[in-house]
$ cat target16.txt   # compact mmCIF, C-alpha atoms and all ligand atoms
# COMPACT_ATOMS: atom_id res chain seq x y z
CA MET A 253 -5.39 179.03 259.35
CA GLY A 254 -2.32 180.11 257.37
CA LEU A 255 0.44 182.53 258.28
CA LEU A 256 -2.17 185.27 258.21
CA GLU A 257 -4.35 184.88 261.30
CA ARG A 258 -7.48 185.97 259.47
CA SER A 259 -6.98 184.03 256.23
CA ASP A 260 -10.32 182.19 256.68
CA ALA A 261 -12.11 185.51 256.29
CA TYR A 262 -10.22 186.19 253.04
CA TRP A 263 -11.08 182.77 251.60
CA LYS A 264 -14.71 183.36 252.45
CA PHE A 265 -14.76 186.83 250.93
CA ALA A 266 -12.90 185.77 247.78
CA GLY A 267 -15.45 182.98 247.32
CA GLN A 268 -18.36 185.42 247.53
CA CYS A 269 -17.02 188.04 245.11
CA THR A 270 -17.78 187.80 241.39
CA GLN A 271 -15.22 190.54 240.55
CA CYS A 272 -17.93 192.61 238.91
CA GLY A 273 -15.97 195.77 239.76
CA LYS A 274 -18.91 197.87 240.97
CA CYS A 275 -17.33 198.50 244.39
CA THR A 276 -14.15 199.90 242.85
CA LYS A 277 -16.05 202.60 241.00
CA ALA A 278 -17.72 203.69 244.26
CA CYS A 279 -14.52 204.49 246.13
CA ASP A 280 -11.56 206.76 245.46
CA SER A 281 -9.30 204.54 247.58
CA LEU A 282 -10.22 201.43 245.60
CA ILE A 283 -9.82 203.40 242.35
CA ALA A 284 -6.35 204.51 243.50
CA ALA A 285 -5.55 200.89 244.39
CA ASP A 286 -7.21 199.66 241.19
CA MET A 287 -8.70 196.77 243.14
CA THR A 288 -12.07 195.28 243.86
CA LEU A 289 -12.82 194.14 247.39
CA GLY A 290 -12.47 190.54 246.23
CA GLU A 291 -9.04 191.33 244.85
CA ILE A 292 -8.01 192.62 248.29
CA ALA A 293 -8.91 189.23 249.74
CA LYS A 294 -7.06 187.45 246.93
CA ALA A 295 -3.99 189.68 247.28
CA LEU A 296 -3.81 188.92 251.00
CA LEU A 297 -3.99 185.20 250.28
CA ALA A 298 -1.37 185.59 247.56
CA ALA A 299 0.93 187.34 250.05
CA GLN A 300 1.01 184.27 252.26
CA ARG A 301 1.13 181.74 249.41
CA GLY A 302 4.66 180.37 249.10
CA ALA A 303 5.83 182.31 252.15
CA THR A 304 7.32 180.26 254.94
CA THR A 305 7.54 182.95 257.62
CA ARG A 306 5.43 185.89 258.73
CA ASP A 307 8.34 188.17 257.86
CA GLU A 308 8.03 187.03 254.27
CA VAL A 309 4.29 187.66 254.31
CA ARG A 310 4.93 191.15 255.68
CA ARG A 311 7.45 191.88 252.94
CA ASN A 312 5.07 190.57 250.29
CA ILE A 313 2.37 192.95 251.53
CA GLU A 314 4.80 195.87 251.79
CA ASP A 315 5.81 195.20 248.20
CA ASN A 316 2.18 195.60 247.11
CA PRO A 317 1.38 199.32 247.59
CA GLN A 318 -2.05 198.86 245.98
CA LEU A 319 -3.01 196.38 248.70
CA VAL A 320 -1.68 198.67 251.44
CA GLN A 321 -3.68 201.54 249.91
CA ALA A 322 -6.88 199.50 249.79
CA VAL A 323 -6.57 198.24 253.38
CA ARG A 324 -5.32 201.38 255.11
CA GLY A 325 -7.24 203.85 252.94
CA CYS A 326 -10.68 202.56 253.95
CA PHE A 327 -13.06 204.85 255.86
CA PHE A 328 -15.45 201.95 256.66
CA CYS A 329 -18.14 204.10 255.06
CA THR A 330 -19.80 201.06 253.37
CA THR A 331 -20.52 203.05 250.18
CA CYS A 332 -19.02 200.16 248.21
CA LYS A 333 -21.18 197.62 250.00
CA ASN A 334 -24.26 199.48 248.84
CA THR A 335 -23.19 198.96 245.21
CA CYS A 336 -22.50 195.23 245.66
CA PHE A 337 -25.38 193.01 244.57
CA ALA A 338 -24.23 190.43 247.15
CA HIS A 339 -23.78 193.07 249.90
CA ASN A 340 -20.35 191.60 250.57
CA ASP A 341 -19.28 192.87 253.97
CA VAL A 342 -16.44 195.32 253.39
CA CYS A 343 -16.10 196.07 257.11
CA ASP A 344 -15.57 192.41 257.96
CA LEU A 345 -12.92 192.13 255.23
CA ILE A 346 -11.01 195.30 256.11
CA TYR A 347 -11.24 194.89 259.89
CA ASN A 348 -9.74 191.42 259.51
CA ALA A 349 -7.05 192.78 257.18
CA ARG A 350 -6.23 195.52 259.71
CA VAL A 351 -5.83 192.86 262.42
CA ASP A 352 -3.28 191.05 260.25
CA PHE A 353 -1.59 194.35 259.35
CA GLN A 354 -1.32 195.18 263.05
CA ASP A 355 0.04 191.71 263.89
CA LEU A 356 2.62 192.02 261.13
CA GLY A 357 3.75 195.48 262.27
CA LEU A 358 2.40 197.16 259.14
CA ILE A 359 0.62 199.96 261.02
CA PRO A 360 3.15 202.31 262.61
CA ARG A 361 2.80 202.77 266.37
CA GLU A 362 2.82 206.56 266.19
CA THR A 363 -0.45 206.41 264.24
CA TRP A 364 -2.37 204.73 267.08
CA SER A 365 -0.44 205.21 270.33
CA SER A 366 -2.70 208.06 271.48
CA VAL A 367 -5.99 206.30 270.77
CA LEU A 368 -5.62 203.13 272.84
CA VAL A 369 -8.92 203.84 274.50
CA ASP A 370 -8.85 200.69 276.63
CA GLU A 371 -5.77 201.91 278.51
CA GLU A 372 -5.55 204.50 281.27
CA TRP A 373 -4.31 207.24 278.97
CA ASP A 374 -5.50 208.11 275.52
CA ILE A 375 -5.98 211.49 273.89
CA PHE A 376 -9.45 211.85 275.44
CA THR A 377 -8.56 210.86 279.01
CA ALA A 378 -5.38 212.97 278.85
CA TYR A 379 -7.35 215.98 277.60
CA ARG A 380 -9.88 215.52 280.37
CA ALA A 381 -7.25 215.11 283.08
CA ILE A 382 -5.18 218.10 281.95
CA HIS A 383 -8.21 220.37 281.60
CA GLY A 384 -10.03 219.21 284.72
CA ILE A 385 -12.99 217.48 283.02
CA GLY A 386 -14.43 214.69 285.15
CA TYR A 387 -17.74 212.98 285.80
CA ALA A 388 -17.09 211.07 289.02
CA ASP A 389 -20.22 212.68 290.51
CA LEU A 390 -22.34 211.32 287.63
CA THR A 391 -20.89 207.81 287.33
CA LEU A 392 -23.13 206.74 290.15
CA HIS A 393 -22.78 202.99 289.60
CA VAL A 394 -19.04 203.20 290.40
CA GLU A 395 -17.66 203.73 293.90
CA ASN A 396 -15.47 206.82 294.09
CA ASP A 397 -14.63 209.80 296.34
CA TYR A 398 -18.11 211.26 295.80
CA HIS A 399 -20.31 208.26 296.53
CA ASP A 400 -20.63 204.52 297.06
CA ALA A 401 -21.55 202.33 294.09
CA GLU A 402 -25.30 202.39 293.56
CA THR A 403 -27.50 200.09 291.52
CA GLY A 404 -31.12 199.78 290.41
CA PHE A 405 -30.86 202.52 287.77
CA ASP A 406 -33.42 202.96 285.02
CA ALA A 407 -30.93 204.05 282.39
CA VAL A 408 -27.24 204.40 281.59
CA PHE A 409 -26.22 207.49 279.64
CA PHE A 410 -23.34 206.87 277.20
CA PRO A 411 -22.10 210.17 275.74
CA GLY A 412 -19.07 208.64 273.97
CA CYS A 413 -15.45 209.70 274.23
CA SER A 414 -15.55 212.80 271.99
CA LEU A 415 -18.56 214.46 273.57
CA ALA A 416 -17.46 213.63 277.13
CA ALA A 417 -14.04 215.18 276.46
CA TYR A 418 -14.88 218.15 274.27
CA GLY A 419 -18.36 219.06 275.49
CA PRO A 420 -18.48 218.81 279.29
CA GLU A 421 -21.20 221.45 279.73
CA LEU A 422 -23.35 219.89 277.02
CA THR A 423 -22.77 216.41 278.47
CA ARG A 424 -23.87 217.58 281.90
CA GLU A 425 -26.88 219.44 280.54
CA ILE A 426 -28.03 216.30 278.70
CA PHE A 427 -27.52 214.19 281.82
CA GLY A 428 -29.67 216.68 283.74
CA VAL A 429 -32.76 215.86 281.67
CA PHE A 430 -32.81 212.28 282.93
CA GLU A 431 -33.60 213.57 286.42
CA GLU A 432 -36.09 216.08 285.01
CA PHE A 433 -37.93 213.17 283.39
CA GLY A 434 -37.85 211.18 286.64
CA VAL A 435 -35.47 208.63 285.09
CA ARG A 436 -32.88 207.41 287.58
CA ALA A 437 -29.67 207.39 285.53
CA THR A 438 -25.95 206.87 285.83
CA MET A 439 -23.30 207.79 283.31
CA LEU A 440 -20.78 205.51 281.61
CA ASP A 441 -18.01 207.81 280.38
CA SER A 442 -16.19 205.11 278.46
CA CYS A 443 -15.56 204.53 274.76
CA CYS A 444 -17.01 202.06 272.24
CA GLY A 445 -13.50 201.23 270.99
CA SER A 446 -13.92 202.41 267.41
CA SER A 447 -10.34 203.73 267.22
CA LEU A 448 -9.03 200.34 268.39
CA ARG A 449 -10.87 198.59 265.57
CA SER A 450 -9.45 200.99 263.00
CA ALA A 451 -5.93 200.32 264.26
CA GLY A 452 -6.37 196.55 263.96
CA PHE A 453 -7.07 195.80 267.64
CA PHE A 454 -10.44 194.24 267.00
CA GLU A 455 -10.45 191.93 269.99
CA ARG A 456 -9.38 194.69 272.35
CA ALA A 457 -12.26 196.82 271.06
CA GLU A 458 -14.70 193.99 271.73
CA ALA A 459 -13.20 193.42 275.18
CA LEU A 460 -13.68 197.11 275.97
CA CYS A 461 -17.35 196.91 274.95
CA ASP A 462 -17.70 193.75 277.04
CA ARG A 463 -16.29 195.63 280.04
CA ASN A 464 -18.83 198.36 279.44
CA VAL A 465 -21.55 195.70 279.38
CA GLN A 466 -20.41 194.44 282.80
CA GLU A 467 -20.76 197.97 284.19
CA ILE A 468 -24.22 198.29 282.67
CA ILE A 469 -25.24 194.97 284.22
CA GLN A 470 -23.90 196.12 287.62
CA SER A 471 -25.92 199.33 287.32
CA GLY A 472 -29.11 197.29 287.01
CA ALA A 473 -30.30 199.56 284.18
CA LYS A 474 -32.77 198.35 281.59
CA GLN A 475 -31.91 200.97 278.99
CA LEU A 476 -28.72 202.29 277.42
CA VAL A 477 -28.98 205.78 275.91
CA CYS A 478 -26.30 206.60 273.31
CA VAL A 479 -25.55 209.99 271.75
CA CYS A 480 -23.74 208.52 268.73
CA PRO A 481 -25.07 205.84 266.35
CA GLY A 482 -21.62 204.21 266.24
CA CYS A 483 -21.58 203.72 270.02
CA ALA A 484 -25.15 202.37 269.85
CA ASN A 485 -24.14 199.81 267.20
CA ASP A 486 -21.04 198.60 269.03
CA MET A 487 -22.69 198.44 272.43
CA GLY A 488 -25.77 196.76 270.93
CA ARG A 489 -23.53 194.02 269.50
CA ALA A 490 -21.73 193.61 272.84
CA LEU A 491 -25.02 193.25 274.72
CA GLU A 492 -26.15 190.68 272.16
CA ARG A 493 -22.86 188.77 272.60
CA ALA A 494 -23.45 188.70 276.32
CA GLY A 495 -27.06 187.53 275.83
CA ILE A 496 -28.31 190.50 277.85
CA THR A 497 -31.66 192.09 277.13
CA ILE A 498 -31.07 195.79 277.64
CA GLU A 499 -32.69 198.24 275.28
CA VAL A 500 -30.24 200.43 273.34
CA VAL A 501 -31.84 203.70 272.29
CA SER A 502 -30.56 206.85 270.68
CA LEU A 503 -30.59 210.01 272.75
CA VAL A 504 -33.14 211.51 270.35
CA GLU A 505 -35.45 208.52 270.75
CA PHE A 506 -35.12 208.76 274.52
CA LEU A 507 -35.84 212.50 274.50
CA ALA A 508 -38.81 212.12 272.16
CA SER A 509 -40.30 209.33 274.28
CA HIS A 510 -40.30 211.68 277.28
CA GLY A 511 -41.85 214.62 275.44
CA PHE A 512 -38.66 216.70 275.38
CA GLU A 513 -38.99 220.08 273.70
CA SER A 514 -35.98 221.76 272.17
CA ARG A 515 -34.47 224.50 274.32
CA ARG A 516 -33.58 226.74 271.39
CA PRO A 517 -35.13 227.66 268.03
CA LEU A 518 -33.79 226.07 264.87
CA PRO A 519 -30.98 228.13 263.30
CA GLU A 520 -31.90 230.52 260.53
CA GLY A 521 -31.04 229.49 256.99
CA PRO A 522 -30.96 226.03 255.44
CA VAL A 523 -30.27 223.07 257.70
CA CYS A 524 -28.20 220.33 256.04
CA ILE A 525 -28.06 216.95 257.71
CA SER A 526 -24.81 214.98 257.59
CA LYS A 527 -25.79 211.32 257.84
CA SER A 528 -23.42 209.24 259.93
CA CYS A 529 -22.03 206.21 258.10
CA GLN A 530 -22.71 204.25 261.30
CA ASP A 531 -26.41 205.08 260.92
CA ARG A 532 -26.74 202.37 258.27
CA ASP A 533 -30.51 202.34 257.83
CA GLY A 534 -31.06 206.04 258.54
CA THR A 535 -33.13 205.43 261.67
CA TYR A 536 -31.04 207.78 263.76
CA LEU A 537 -31.30 210.51 261.14
CA GLU A 538 -35.08 210.12 260.90
CA GLN A 539 -35.51 210.29 264.67
CA THR A 540 -33.30 213.38 264.82
CA CYS A 541 -35.25 215.14 262.08
CA ASP A 542 -38.52 214.29 263.86
CA LEU A 543 -37.33 215.70 267.17
CA LEU A 544 -35.93 218.84 265.56
CA GLY A 545 -39.10 219.35 263.53
CA ILE A 546 -37.24 219.04 260.21
CA ASP A 547 -38.94 217.38 257.26
CA ALA A 548 -36.55 214.54 256.42
CA GLN A 549 -38.04 214.27 252.92
CA SER A 550 -37.20 217.84 251.94
CA ALA A 551 -34.03 218.42 254.04
CA SER A 552 -30.62 218.30 252.35
CA ILE A 553 -29.01 215.10 253.53
CA PHE A 554 -25.37 214.22 252.81
CA HIS A 555 -24.32 210.59 252.82
CA GLY A 556 -20.82 209.15 253.14
CA CYS A 557 -18.01 209.48 255.63
CA CYS A 558 -16.94 212.83 257.14
CA GLY A 559 -13.32 211.73 256.71
CA ALA A 560 -12.71 210.52 260.27
CA GLY A 561 -13.58 206.85 259.69
CA GLY A 562 -11.00 204.10 259.62
CA ALA A 563 -8.13 206.28 260.90
CA VAL A 564 -7.37 207.15 257.26
CA ASN A 565 -6.02 210.42 258.62
CA ALA A 566 -3.09 208.47 260.05
CA PHE A 567 -2.30 207.05 256.61
CA GLN A 568 -3.27 209.80 254.18
CA PRO A 569 -4.08 213.00 256.09
CA GLU A 570 -4.93 214.85 252.90
CA ARG A 571 -7.75 212.40 252.18
CA GLN A 572 -9.49 213.23 255.45
CA ALA A 573 -9.44 216.90 254.45
CA GLN A 574 -10.65 216.10 250.92
CA GLN A 575 -13.43 213.90 252.25
CA ALA A 576 -14.60 216.55 254.74
CA ASP A 577 -14.47 219.22 252.00
CA SER A 578 -16.41 217.04 249.62
CA LYS A 579 -19.13 216.35 252.16
CA LEU A 580 -19.31 219.99 253.28
CA SER A 581 -19.40 221.16 249.66
CA PHE A 582 -23.11 220.29 249.61
CA ALA A 583 -23.81 222.90 252.28
CA PRO A 584 -24.52 226.36 250.83
CA ASP A 585 -23.12 229.47 252.49
CA GLY A 586 -25.32 230.56 255.37
CA SER A 587 -26.47 227.02 256.15
CA THR A 588 -26.02 224.89 259.25
CA VAL A 589 -24.56 221.42 258.91
CA VAL A 590 -26.00 219.08 261.55
CA THR A 591 -24.07 215.96 262.48
CA MET A 592 -25.19 212.81 264.30
CA CYS A 593 -21.82 211.65 265.62
CA PRO A 594 -19.67 213.99 267.79
CA THR A 595 -16.55 212.78 265.98
CA CYS A 596 -18.05 214.01 262.68
CA THR A 597 -18.69 217.38 264.37
CA TYR A 598 -15.07 217.45 265.53
CA THR A 599 -13.81 216.52 262.05
CA TYR A 600 -15.80 219.27 260.33
CA ALA A 601 -14.79 221.81 263.00
CA TYR A 602 -11.14 220.96 262.45
CA ARG A 603 -11.52 221.24 258.70
CA LEU A 604 -13.42 224.54 258.95
CA MET A 605 -10.72 225.91 261.23
CA ASN A 606 -8.13 225.25 258.51
CA ASN A 607 -10.39 226.02 255.57
CA PRO A 608 -13.01 228.53 256.84
CA ARG A 609 -16.42 228.69 255.18
CA ALA A 610 -19.58 230.68 255.91
CA ILE A 611 -21.40 227.69 257.35
CA ALA A 612 -22.21 226.67 260.91
CA ASN A 613 -21.27 223.19 262.14
CA LYS A 614 -23.43 221.75 264.91
CA HIS A 615 -23.98 218.44 266.59
CA TYR A 616 -27.70 217.71 266.83
CA ALA A 617 -27.55 218.01 270.63
CA GLU A 618 -26.44 221.63 270.22
CA LEU A 619 -29.71 222.33 268.39
CA LEU A 620 -31.68 220.85 271.28
CA PHE A 621 -29.82 222.12 274.35
CA GLU A 622 -28.48 225.46 275.56
CA SER A 623 -24.84 224.41 275.92
CA GLN A 624 -22.72 224.63 272.79
CA LEU A 625 -19.43 223.07 271.73
CA ASP A 626 -16.60 225.62 271.68
CA TRP A 627 -14.21 224.29 269.06
CA ASP A 628 -11.84 227.28 269.23
CA LEU A 629 -11.30 226.45 272.89
CA VAL A 630 -11.02 222.71 272.24
CA PHE A 631 -8.38 223.11 269.53
CA TYR A 632 -6.48 225.65 271.61
CA GLN A 633 -6.53 223.29 274.59
CA LEU A 634 -5.56 220.30 272.48
CA GLY A 635 -2.59 222.20 271.06
CA SER A 636 -1.50 223.61 274.40
CA MET A 637 -1.38 220.11 275.92
CA TRP A 638 1.68 219.35 273.83
CA SER A 639 3.48 222.65 274.22
CA GLY A 640 2.72 223.25 277.91
CA GLU A 641 3.98 221.66 281.10
CA TYR A 642 2.34 218.33 280.22
CA GLY A 643 4.06 218.12 276.83
CA PRO A 644 6.99 215.91 277.94
CA TRP A 645 4.66 213.59 279.86
CA LEU A 646 2.34 213.22 276.85
CA ALA A 647 5.27 212.60 274.53
CA GLU A 648 6.43 209.82 276.87
CA VAL A 649 2.98 208.27 277.38
CA PHE A 650 2.15 208.28 273.66
CA ALA A 651 5.65 207.42 272.42
S1 LIG A 701 -16.01 201.18 252.97
FE1 LIG A 701 -15.85 203.19 251.91
S2 LIG A 701 -13.65 203.70 251.95
FE2 LIG A 701 -13.82 201.49 252.45
S3 LIG A 701 -13.55 200.45 250.49
FE3 LIG A 701 -15.79 200.77 250.76
S4 LIG A 701 -16.27 202.75 249.76
FE4 LIG A 701 -14.03 202.61 250.03
S1 LIG A 702 -19.27 194.84 244.07
FE1 LIG A 702 -19.31 192.97 245.34
S2 LIG A 702 -19.20 191.26 243.87
FE2 LIG A 702 -18.63 193.13 242.75
S3 LIG A 702 -16.37 193.16 242.87
FE3 LIG A 702 -17.13 194.37 244.61
S4 LIG A 702 -17.28 192.91 246.36
FE4 LIG A 702 -17.09 191.72 244.44

$ encode --input "target16.txt" --output "structure tokens"
Amino acid sequence: MGLLERSDAYWKFAGQCTQCGKCTKACDSLIAADMTLGEIAKALLAAQRGATTRDEVRRNIEDNPQLVQAVRGCFFCTTCKNTCFAHNDVCDLIYNARVDFQDLGLIPRETWSSVLVDEEWDIFTAYRAIHGIGYADLTLHVENDYHDAETGFDAVFFPGCSLAAYGPELTREIFGVFEEFGVRATMLDSCCGSSLRSAGFFERAEALCDRNVQEIIQSGAKQLVCVCPGCANDMGRALERAGITIEVVSLVEFLASHGFESRRPLPEGPVCISKSCQDRDGTYLEQTCDLLGIDAQSASIFHGCCGAGGAVNAFQPERQAQQADSKLSFAPDGSTVVTMCPTCTYTYAYRLMNNPRAIANKHYAELLFESQLDWDLVFYQLGSMWSGEYGPWLAEVFA
């Protein structure tokens, strides 16, 4: 290991890359940086070559704006990986680079201080506390004021941080179907740690998932039901790390296996599916189309990142907006865009608030259940947190 903690990963990546340049053409951030993925690895190694201190390495990286662009401008969308004949793992490269950037102080604190989702307070837990959103009555495997800790559950429901915070009625309605199906379930209202990974806290993200795994083990459940494909991926990896055999299924797969029928008709007009970049092989999308009764072969499906991935917003806010616009541009007026991941739904809602269009933006669960996400209320409540009586406290906590 050199002065960069993750230099082994860069050596490995540089050795696997032929510098064919296909990845660069697939990505506006790599085009702006004028780098291939292999050149990112080489530039990181060059930054430590000849340096005798970590300060020198940091300065060498700071003096290379192309490298900073390539590392901090990545959405983790894997579009480039799909063009690489060797399928070189962009996520492994950039996650490692973010860890070194974080260690070297190259990612400003104000860009991640509110998304430390392994601490008591982050933007989601603060939102929930300020607006009275709690699930203590549903987290049945944890002892609290409502009940003792129970075990022997059939399933753990994992809504993810965005849905649990911004869609409490929808979250509760979904949880209600477990009982209707005779499935004894508890809820784990934690986070998969994706924002920690983006900020360069890879090990903390893994530790958070490992903590979640311990709760799942304590619950005695044999099945983990995830709303978001990203949560399913991260929790699946954590269960594998722990050597635990617990089935991870998508909410749609769970619903379909119990004969669930949608509680509302499909919206009128074209339905356009926004594929989550975490749904690498499209399984989640296929299952969702099946449950909604949409022909996946003829539906309009948009690939690529919604703009929320990789915390690019904290580095180049305008690129998140451009990315969301570019993905939404495929949706004709009068259509409904259906997302897989609640954070994609949030990202589009935020973009449509600032740049209104005659399209509806729905998470797939909103097409299946009665309860709907109220983004006007969410954005009002998010804004009022900072200007209201809790503003000074938030400013202090997230300083
Ligand atoms: S993962 Fe996406 S954003 Fe990152 S380098 Fe590849 S194409 Fe660009
Ligand atoms: S497409 Fe693959 S082999 Fe070609 S430059 Fe990019 S990472 Fe290297």

$ residues_around --input "target16.txt" --residues "range 319-327 of chain A" --least-positions-apart "5" --cutoff "7 Å" --atoms "only C-alpha atoms" --output "PyMOL selection string"
chain A and resi 281-282+285+292+295+313+346+349-350+557+559+561-562+564+567

$ write_last_selection --input "target16.txt" --atoms "C-alpha atoms" --output "short mmCIF file (atom, residue, chain, number, x, y, z; two decimals), in the coordinates of the input"
data_model
loop_
_atom_site.label_atom_id
_atom_site.label_comp_id
_atom_site.auth_asym_id
_atom_site.auth_seq_id
_atom_site.Cartn_x
_atom_site.Cartn_y
_atom_site.Cartn_z
CA SER A 281 -9.30 204.54 247.58
CA LEU A 282 -10.22 201.43 245.60
CA ALA A 285 -5.55 200.89 244.39
CA ILE A 292 -8.01 192.62 248.29
CA ALA A 295 -3.99 189.68 247.28
CA ILE A 313 2.37 192.95 251.53
CA ILE A 346 -11.01 195.30 256.11
CA ALA A 349 -7.05 192.78 257.18
CA ARG A 350 -6.23 195.52 259.71
CA CYS A 557 -18.01 209.48 255.63
CA GLY A 559 -13.32 211.73 256.71
CA GLY A 561 -13.58 206.85 259.69
CA GLY A 562 -11.00 204.10 259.62
CA VAL A 564 -7.37 207.15 257.26
CA PHE A 567 -2.30 207.05 256.61
#

$ residues_near_ligand --input "target16.txt" --ligand "ligand LIG 702 (chain A)" --cutoff "12 Å" --atoms "only C-alpha atoms and all ligand atoms" --output "PDB file with C-alpha atoms, in the coordinates of the input"
ATOM      1  CA  TYR A 262     -10.220 186.190 253.040  1.00  0.00           C
ATOM      2  CA  LYS A 264     -14.710 183.360 252.450  1.00  0.00           C
ATOM      3  CA  PHE A 265     -14.760 186.830 250.930  1.00  0.00           C
ATOM      4  CA  ALA A 266     -12.900 185.770 247.780  1.00  0.00           C
ATOM      5  CA  GLY A 267     -15.450 182.980 247.320  1.00  0.00           C
ATOM      6  CA  GLN A 268     -18.360 185.420 247.530  1.00  0.00           C
ATOM      7  CA  CYS A 269     -17.020 188.040 245.110  1.00  0.00           C
ATOM      8  CA  THR A 270     -17.780 187.800 241.390  1.00  0.00           C
ATOM      9  CA  GLN A 271     -15.220 190.540 240.550  1.00  0.00           C
ATOM     10  CA  CYS A 272     -17.930 192.610 238.910  1.00  0.00           C
ATOM     11  CA  GLY A 273     -15.970 195.770 239.760  1.00  0.00           C
ATOM     12  CA  LYS A 274     -18.910 197.870 240.970  1.00  0.00           C
ATOM     13  CA  CYS A 275     -17.330 198.500 244.390  1.00  0.00           C
ATOM     14  CA  THR A 276     -14.150 199.900 242.850  1.00  0.00           C
ATOM     15  CA  LYS A 277     -16.050 202.600 241.000  1.00  0.00           C
ATOM     16  CA  ALA A 278     -17.720 203.690 244.260  1.00  0.00           C
ATOM     17  CA  CYS A 279     -14.520 204.490 246.130  1.00  0.00           C
ATOM     18  CA  LEU A 282     -10.220 201.430 245.600  1.00  0.00           C
ATOM     19  CA  ILE A 283      -9.820 203.400 242.350  1.00  0.00           C
ATOM     20  CA  ASP A 286      -7.210 199.660 241.190  1.00  0.00           C
ATOM     21  CA  MET A 287      -8.700 196.770 243.140  1.00  0.00           C
ATOM     22  CA  THR A 288     -12.070 195.280 243.860  1.00  0.00           C
ATOM     23  CA  LEU A 289     -12.820 194.140 247.390  1.00  0.00           C
ATOM     24  CA  GLY A 290     -12.470 190.540 246.230  1.00  0.00           C
ATOM     25  CA  GLU A 291      -9.040 191.330 244.850  1.00  0.00           C
ATOM     26  CA  ILE A 292      -8.010 192.620 248.290  1.00  0.00           C
ATOM     27  CA  ALA A 293      -8.910 189.230 249.740  1.00  0.00           C
ATOM     28  CA  LYS A 294      -7.060 187.450 246.930  1.00  0.00           C
ATOM     29  CA  THR A 330     -19.800 201.060 253.370  1.00  0.00           C
ATOM     30  CA  THR A 331     -20.520 203.050 250.180  1.00  0.00           C
ATOM     31  CA  CYS A 332     -19.020 200.160 248.210  1.00  0.00           C
ATOM     32  CA  LYS A 333     -21.180 197.620 250.000  1.00  0.00           C
ATOM     33  CA  ASN A 334     -24.260 199.480 248.840  1.00  0.00           C
ATOM     34  CA  THR A 335     -23.190 198.960 245.210  1.00  0.00           C
ATOM     35  CA  CYS A 336     -22.500 195.230 245.660  1.00  0.00           C
ATOM     36  CA  PHE A 337     -25.380 193.010 244.570  1.00  0.00           C
ATOM     37  CA  ALA A 338     -24.230 190.430 247.150  1.00  0.00           C
ATOM     38  CA  HIS A 339     -23.780 193.070 249.900  1.00  0.00           C
ATOM     39  CA  ASN A 340     -20.350 191.600 250.570  1.00  0.00           C
ATOM     40  CA  ASP A 341     -19.280 192.870 253.970  1.00  0.00           C
ATOM     41  CA  VAL A 342     -16.440 195.320 253.390  1.00  0.00           C
ATOM     42  CA  CYS A 343     -16.100 196.070 257.110  1.00  0.00           C
ATOM     43  CA  ASP A 344     -15.570 192.410 257.960  1.00  0.00           C
ATOM     44  CA  LEU A 345     -12.920 192.130 255.230  1.00  0.00           C
ATOM     45  CA  ILE A 346     -11.010 195.300 256.110  1.00  0.00           C
TER      46      ILE A 346
END

$ atom_distance --input "target16.txt" --atom1 "CA of Arg361 in chain A" --atom2 "CA of Asn607 in chain A"
28.8 Å

$ residues_around --input "target16.txt" --residues "Gln530 in chain A" --least-positions-apart "2" --cutoff "6 Å" --atoms "all atoms listed in the file" --output "list of chain:residue names"
A:Pro481, A:Gly482, A:Ser528, A:Arg532

$ closest_residue --input "target16.txt" --among "A:His615, A:Arg380, A:His555, A:Arg609" --to "ligand LIG 701 (chain A)" --atoms "only C-alpha atoms and all ligand atoms"
A:His555

$ residues_around --input "target16.txt" --residues "Cys461 in chain A" --least-positions-apart "6" --cutoff "10 Å" --atoms "all atoms listed in the file" --output "ChimeraX atom specification"
/A:370,442-446,455,467,483,486-491

$ atom_distance --input "target16.txt" --atom1 "CA of Arg463 in chain A" --atom2 "CA of Val351 in chain A"
20.7 Å

$ atom_distance --input "target16.txt" --atom1 "CA of Cys558 in chain A" --atom2 "CA of Gln575 in chain A"
6.1 Å

$ residues_near_point --input "target16.txt" --point "(-25.1, 227.2, 256.4)" --cutoff "9 Å" --atoms "only C-alpha atoms" --output "count of residues only"
17

$ closest_residue --input "target16.txt" --among "A:Tyr536, A:Phe328, A:Tyr418, A:Tyr398" --to "ligand LIG 701 (chain A)" --atoms "all atoms listed in the file"
A:Phe328

$ residues_around --input "target16.txt" --residues "Val500 in chain A" --least-positions-apart "3" --cutoff "12 Å" --atoms "all atoms listed in the file" --output "number ranges by chain"
A: 407-410, 465, 468, 473-492, 496-497, 503-506

$ closest_residue --input "target16.txt" --among "A:Thr403, A:Ser502, A:Thr438, A:Ser526" --to "Ser578 in chain A" --atoms "only C-alpha atoms"
A:Ser526

$ closest_residue --input "target16.txt" --among "A:Thr591, A:Tyr600, A:His383, A:Gly556" --to "Ala576 in chain A" --atoms "only C-alpha atoms"
A:Tyr600

$ closest_residue --input "target16.txt" --among "A:Thr597, A:Gln572, A:Gln539, A:Gln549" --to "ligand LIG 701 (chain A)" --atoms "only C-alpha atoms and all ligand atoms"
A:Gln572

$ residues_around --input "target16.txt" --residues "Val369 in chain A" --least-positions-apart "5" --cutoff "12 Å" --atoms "only C-alpha atoms" --output "count of residues only"
28

$ axis_aligned_box --input "target16.txt" --around "range 385-393 of chain A" --padding-each-side "8 Å" --output "AutoDock Vina command-line options"
--center_x -18.1 --center_y 210.2 --center_z 286.8 --size_x 26.1 --size_y 30.5 --size_z 23.5

$ closest_residue --input "target16.txt" --among "A:Val630, A:Ala284, A:Ala647, A:Cys541" --to "ligand LIG 701 (chain A)" --atoms "only C-alpha atoms and all ligand atoms"
A:Ala284
